[in-house]
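Below is the file upload-v7.tsv, which contains TSV, C-alpha atoms.
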chain	number	residue	atom	x	y	z
A	178	MET	CA	-19.73	-0.69	-29.37
A	179	ARG	CA	-19.18	1.22	-32.62
A	180	ASP	CA	-15.86	2.76	-33.60
A	181	VAL	CA	-15.86	6.45	-32.69
A	182	THR	CA	-13.73	9.08	-34.40
A	183	GLU	CA	-12.50	11.79	-32.01
A	184	THR	CA	-11.47	15.20	-33.36
A	185	GLU	CA	-10.04	17.99	-31.19
A	186	LEU	CA	-11.62	21.37	-31.88
A	187	PRO	CA	-9.12	23.89	-30.45
A	188	GLY	CA	-10.81	26.52	-28.31
A	189	VAL	CA	-14.14	24.66	-28.56
A	190	GLY	CA	-13.79	21.10	-27.26
A	191	PHE	CA	-14.03	17.73	-29.01
A	192	ARG	CA	-16.16	16.18	-31.75
A	193	PHE	CA	-17.09	12.49	-31.63
A	194	ASP	CA	-18.55	10.79	-34.73
A	195	PHE	CA	-19.73	7.28	-35.58
A	196	GLU	CA	-21.62	5.51	-38.34
A	197	THR	CA	-24.90	3.75	-37.53
A	198	GLU	CA	-25.91	0.32	-38.85
A	199	ALA	CA	-28.15	2.21	-41.29
A	200	ARG	CA	-24.97	3.94	-42.56
A	201	ARG	CA	-25.92	7.36	-41.15
A	202	MET	CA	-23.22	9.55	-39.59
A	203	VAL	CA	-24.01	10.87	-36.11
A	204	GLY	CA	-21.83	13.18	-34.06
A	205	VAL	CA	-21.60	14.99	-30.77
A	206	VAL	CA	-19.59	18.16	-30.17
A	207	VAL	CA	-18.64	18.43	-26.50
A	208	HIS	CA	-17.85	22.06	-25.73
A	209	GLN	CA	-15.44	23.11	-22.98
A	210	THR	CA	-18.42	24.63	-21.17
A	211	GLY	CA	-20.17	21.25	-21.03
A	212	ARG	CA	-22.69	22.10	-23.73
A	213	ARG	CA	-23.27	19.35	-26.29
A	214	ASP	CA	-24.38	19.61	-29.91
A	215	LEU	CA	-25.97	16.46	-31.31
A	216	ALA	CA	-25.61	16.32	-35.11
A	217	ILE	CA	-27.02	14.11	-37.86
A	218	TYR	CA	-24.84	14.50	-40.94
A	219	ASP	CA	-26.03	14.83	-44.54
A	220	ASP	CA	-25.87	11.57	-46.54
A	221	GLN	CA	-24.40	13.36	-49.58
A	222	ASP	CA	-21.99	15.63	-47.69
A	223	PRO	CA	-20.82	14.01	-44.43
A	224	ALA	CA	-19.02	17.22	-43.39
A	225	ARG	CA	-22.36	19.11	-43.25
A	226	ALA	CA	-24.88	18.59	-40.46
A	227	ARG	CA	-28.42	18.03	-41.72
A	228	GLU	CA	-29.81	18.51	-38.22
A	229	SER	CA	-28.25	19.81	-35.03
A	230	VAL	CA	-29.67	20.04	-31.51
A	231	GLU	CA	-27.95	22.13	-28.83
A	232	LEU	CA	-28.07	20.54	-25.37
A	233	SER	CA	-26.94	21.94	-22.03
A	234	ALA	CA	-24.59	19.75	-19.98
A	235	ASP	CA	-27.56	18.58	-17.89
A	236	GLU	CA	-29.66	17.82	-20.99
A	237	GLY	CA	-26.73	15.90	-22.48
A	238	HIS	CA	-26.43	13.78	-19.34
A	239	THR	CA	-30.19	13.17	-19.38
A	240	LEU	CA	-30.13	12.06	-23.02
A	241	GLY	CA	-27.12	9.85	-22.32
A	242	GLY	CA	-29.01	8.19	-19.48
A	243	LEU	CA	-32.06	7.65	-21.68
A	244	LEU	CA	-29.92	6.12	-24.41
A	245	GLY	CA	-28.22	3.70	-22.05
A	246	GLY	CA	-25.45	5.69	-20.40
A	247	SER	CA	-21.76	5.00	-20.54
A	248	ARG	CA	-20.51	1.43	-20.73
A	249	VAL	CA	-17.73	2.53	-18.40
A	250	LEU	CA	-20.20	3.69	-15.76
A	251	GLU	CA	-22.19	0.44	-16.10
A	252	ARG	CA	-19.10	-1.43	-14.85
A	253	LEU	CA	-18.26	0.88	-11.94
A	254	ASP	CA	-18.97	-0.05	-8.36
A	255	GLY	CA	-22.22	1.34	-6.94
A	256	ALA	CA	-20.31	3.80	-4.74
A	257	LEU	CA	-19.20	5.72	-7.82
A	258	HIS	CA	-22.55	6.16	-9.55
A	259	ARG	CA	-22.80	9.77	-8.46
A	260	VAL	CA	-20.32	10.70	-11.20
A	261	GLU	CA	-23.16	12.44	-13.07
A	262	ASP	CA	-22.96	15.25	-10.48
A	263	LEU	CA	-19.41	16.03	-11.60
A	264	MET	CA	-18.00	17.49	-14.75
A	265	ILE	CA	-14.48	17.17	-16.12
A	266	SER	CA	-13.29	19.68	-18.68
A	267	TRP	CA	-10.06	20.35	-20.56
A	268	ILE	CA	-9.74	24.13	-20.66
A	269	LYS	CA	-7.28	25.98	-22.88
A	270	ILE	CA	-5.65	28.79	-20.89
A	271	ASP	CA	-6.02	32.02	-22.84
A	272	PRO	CA	-2.72	33.95	-22.73
A	273	ARG	CA	-4.80	37.10	-22.07
A	274	SER	CA	-6.59	35.58	-19.06
A	275	SER	CA	-5.94	37.31	-15.75
A	276	LEU	CA	-4.88	33.88	-14.41
A	277	ALA	CA	-2.40	33.01	-17.18
A	278	GLY	CA	1.10	32.65	-15.77
A	279	LEU	CA	-0.03	32.58	-12.14
A	280	SER	CA	0.66	29.65	-9.84
A	281	LEU	CA	-2.37	27.62	-8.78
A	282	ALA	CA	-1.99	29.09	-5.28
A	283	GLU	CA	-1.96	32.66	-6.66
A	284	ALA	CA	-4.92	31.98	-8.97
A	285	SER	CA	-7.03	30.58	-6.08
A	286	LEU	CA	-9.24	28.87	-8.67
A	287	ARG	CA	-10.74	26.38	-6.18
A	288	THR	CA	-11.59	29.20	-3.73
A	289	ARG	CA	-12.99	31.44	-6.46
A	290	THR	CA	-15.04	28.85	-8.37
A	291	GLY	CA	-15.24	25.62	-6.38
A	292	ALA	CA	-13.56	23.70	-9.22
A	293	GLY	CA	-10.22	21.96	-8.79
A	294	VAL	CA	-7.35	21.58	-11.25
A	295	VAL	CA	-6.44	17.88	-11.40
A	296	ALA	CA	-3.82	18.12	-14.16
A	297	LEU	CA	-1.93	20.65	-16.27
A	298	VAL	CA	-0.74	20.05	-19.83
A	299	ALA	CA	1.71	22.43	-21.51
A	300	ASP	CA	4.58	22.44	-24.00
A	301	SER	CA	6.91	21.88	-21.05
A	302	GLY	CA	5.10	18.62	-20.18
A	303	SER	CA	2.16	17.24	-18.23
A	304	THR	CA	1.65	17.52	-14.49
A	305	PRO	CA	-0.92	15.18	-12.97
A	306	VAL	CA	-2.21	16.30	-9.56
A	307	PRO	CA	-0.37	19.65	-9.59
A	308	GLY	CA	0.61	21.44	-6.39
A	309	GLY	CA	0.08	25.10	-5.56
A	310	ALA	CA	3.46	26.12	-7.04
A	311	GLU	CA	2.57	24.83	-10.54
A	312	ARG	CA	1.82	27.59	-13.04
A	313	LEU	CA	-1.13	28.04	-15.38
A	314	GLU	CA	0.94	28.23	-18.55
A	315	PRO	CA	-0.52	30.54	-21.21
A	316	GLY	CA	-1.72	28.43	-24.14
A	317	GLY	CA	-1.59	25.26	-22.01
A	318	MET	CA	-4.51	23.18	-20.83
A	319	ALA	CA	-5.97	22.80	-17.36
A	320	VAL	CA	-7.97	19.67	-16.57
A	321	VAL	CA	-10.66	20.89	-14.18
A	322	VAL	CA	-13.20	18.90	-12.17
A	323	GLY	CA	-16.23	20.00	-10.17
A	324	VAL	CA	-19.98	20.48	-10.35
A	325	PRO	CA	-21.07	21.98	-13.69
A	326	ALA	CA	-21.51	25.55	-12.37
A	327	ALA	CA	-18.02	25.51	-10.83
A	328	VAL	CA	-16.38	24.16	-13.99
A	329	GLU	CA	-18.24	26.72	-16.11
A	330	ALA	CA	-16.99	29.53	-13.81
A	331	ALA	CA	-13.42	28.20	-14.07
A	332	THR	CA	-13.77	27.99	-17.85
A	333	VAL	CA	-14.73	31.66	-18.03
A	334	LEU	CA	-11.76	32.71	-15.87
A	335	LEU	CA	-9.21	30.58	-17.71
A	336	SER	CA	-10.37	30.87	-21.31
A	337	SER	CA	-11.47	34.51	-21.48
A	338	PRO	CA	-9.31	37.62	-21.82
A	339	ALA	CA	-9.02	39.72	-18.65
A	340	THR	CA	-11.43	42.63	-18.48
A	341	ASP	CA	-10.63	46.03	-17.05
A	342	GLU	CA	-12.41	46.32	-13.73
Just dump the structure as structure tokens.
Amino acid sequence: MRDVTETELPGVGFRFDFETEARRMVGVVVHQTGRRDLAIYDDQDPARARESVELSADEGHTLGGLLGGSRVLERLDGALHRVEDLMISWIKIDPRSSLAGLSLAEASLRTRTGAGVVALVADSGSTPVPGGAERLEPGGMAVVVGVPAAVEAATVLLSSPATDE
């Protein structure tokens, strides 16, 4: 497997780049919403994409399957091969979100969206498998898992400013 460079893109997601045997730079931007952008970088200016294709989360999974899938998934027991139905996303909690500062119980994110918070990361530290009393710290990150539609709904609630209703 090729060496992959990972770059965090605050408020967007992550960018993963690698160099092919033909010395071409290829990258994927994984957005917090699950969308993927596949990029082929310019030979003369590796910071500029020559071509870019926007893929939905489902299209990204399809392309990944066609290209050989994840080496991690190839090693998993057959009982876990339904992972493609789930999505995991690291969502930055917008301080202006209506959920910022609320406890998980108060936010009722699982009830409202169907997605569950499996970890919280904030300046005060990380909390794996948080309980209902843990707070959604403004500016912190929530690690959310669920089907794509549920994670996308949670992303909207956590990363968007509250609107007047």
In terms of the shortest atom-to-atom distance over all atoms listed in the file, which of A:Phe193, A:Lys269, A:Asp214, A:Thr340 is closest to A:Glu236?
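Smallest distance to A:Glu236 is found for A:Asp214.
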May I ask for the distance between atom CA of A:Gly188 and atom CA of A:Glu283, given in Å to one decimal place?
24.2 Å
Coordinates-based distance that separates atom CA of A:Glu198 from atom CA of A:Arg179 (Å, one decimal)
9.2 Å
By how many Å are atom CA of A:Leu281 and atom CA of A:Gly309 apart?
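Computed distance, atom CA of A:Leu281 to atom CA of A:Gly309, equals 4.8 Å.
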Give as JSON, numbers by chain every residue, naming chains and numbers as the document does, that has an atom within 12 Å of (-1.0, 15.8, -15.2), counting all atoms listed in the file.
{"A": [267, 294, 295, 296, 297, 298, 299, 301, 302, 303, 304, 305, 306, 307, 308, 311, 317, 318, 319, 320, 321]}
Of the residues A:Pro223, A:Gly190, A:Gly323, A:Gly241, which is the one nearest to A:Leu286, using only C-alpha atoms?
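Closest to A:Leu286, using only C-alpha atoms: A:Gly323.
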Contacts of A:Phe195 at 10 Å or less, counting only C-alpha atoms, minus same-chain residues fewer than 4 places along, as an mmCIF file with C-alpha atoms, keeping the file's coordinate frame?
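Here's the written file around-v1.cif:
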data_model
loop_
_atom_site.group_PDB
_atom_site.id
_atom_site.type_symbol
_atom_site.label_atom_id
_atom_site.label_comp_id
_atom_site.auth_asym_id
_atom_site.auth_seq_id
_atom_site.Cartn_x
_atom_site.Cartn_y
_atom_site.Cartn_z
ATOM 1 C CA ARG A 179 -19.180 1.220 -32.620
ATOM 2 C CA ASP A 180 -15.860 2.760 -33.600
ATOM 3 C CA VAL A 181 -15.860 6.450 -32.690
ATOM 4 C CA THR A 182 -13.730 9.080 -34.400
ATOM 5 C CA GLU A 183 -12.500 11.790 -32.010
ATOM 6 C CA ARG A 200 -24.970 3.940 -42.560
ATOM 7 C CA ARG A 201 -25.920 7.360 -41.150
ATOM 8 C CA MET A 202 -23.220 9.550 -39.590
ATOM 9 C CA VAL A 203 -24.010 10.870 -36.110
ATOM 10 C CA GLY A 204 -21.830 13.180 -34.060
ATOM 11 C CA VAL A 205 -21.600 14.990 -30.770
#
Give the answer as one residue: which of A:Asp194, A:Asp300, A:Asp219, A:Glu228 has the shortest atom-to-atom distance to A:Pro315, using all atoms listed in the file?
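Looking at the shortest contact to A:Pro315, the residue is A:Asp300.
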List every protein, DNA or RNA residue with an atom no more than 12 Å from (-0.8, 34.9, -19.1) in the file's coordinates, counting all atoms listed in the file, and format the result as a PyMOL selection string.
chain A and resi 269-280+284+312-317+334-339
Limited to C-alpha atoms, could you put the picked residues into a file as a PDB file, in the frame of the given file?
ATOM      1  CA  LYS A 269      -7.280  25.980 -22.880  1.00  0.00           C
ATOM      2  CA  ILE A 270      -5.650  28.790 -20.890  1.00  0.00           C
ATOM      3  CA  ASP A 271      -6.020  32.020 -22.840  1.00  0.00           C
ATOM      4  CA  PRO A 272      -2.720  33.950 -22.730  1.00  0.00           C
ATOM      5  CA  ARG A 273      -4.800  37.100 -22.070  1.00  0.00           C
ATOM      6  CA  SER A 274      -6.590  35.580 -19.060  1.00  0.00           C
ATOM      7  CA  SER A 275      -5.940  37.310 -15.750  1.00  0.00           C
ATOM      8  CA  LEU A 276      -4.880  33.880 -14.410  1.00  0.00           C
ATOM      9  CA  ALA A 277      -2.400  33.010 -17.180  1.00  0.00           C
ATOM     10  CA  GLY A 278       1.100  32.650 -15.770  1.00  0.00           C
ATOM     11  CA  LEU A 279      -0.030  32.580 -12.140  1.00  0.00           C
ATOM     12  CA  SER A 280       0.660  29.650  -9.840  1.00  0.00           C
ATOM     13  CA  ALA A 284      -4.920  31.980  -8.970  1.00  0.00           C
ATOM     14  CA  ARG A 312       1.820  27.590 -13.040  1.00  0.00           C
ATOM     15  CA  LEU A 313      -1.130  28.040 -15.380  1.00  0.00           C
ATOM     16  CA  GLU A 314       0.940  28.230 -18.550  1.00  0.00           C
ATOM     17  CA  PRO A 315      -0.520  30.540 -21.210  1.00  0.00           C
ATOM     18  CA  GLY A 316      -1.720  28.430 -24.140  1.00  0.00           C
ATOM     19  CA  GLY A 317      -1.590  25.260 -22.010  1.00  0.00           C
ATOM     20  CA  LEU A 334     -11.760  32.710 -15.870  1.00  0.00           C
ATOM     21  CA  LEU A 335      -9.210  30.580 -17.710  1.00  0.00           C
ATOM     22  CA  SER A 336     -10.370  30.870 -21.310  1.00  0.00           C
ATOM     23  CA  SER A 337     -11.470  34.510 -21.480  1.00  0.00           C
ATOM     24  CA  PRO A 338      -9.310  37.620 -21.820  1.00  0.00           C
ATOM     25  CA  ALA A 339      -9.020  39.720 -18.650  1.00  0.00           C
TER      26      ALA A 339
END
Closest to A:Asp220 among A:Val206, A:Thr197, A:Pro325, A:Ile268, using all atoms listed in the file?
A:Thr197
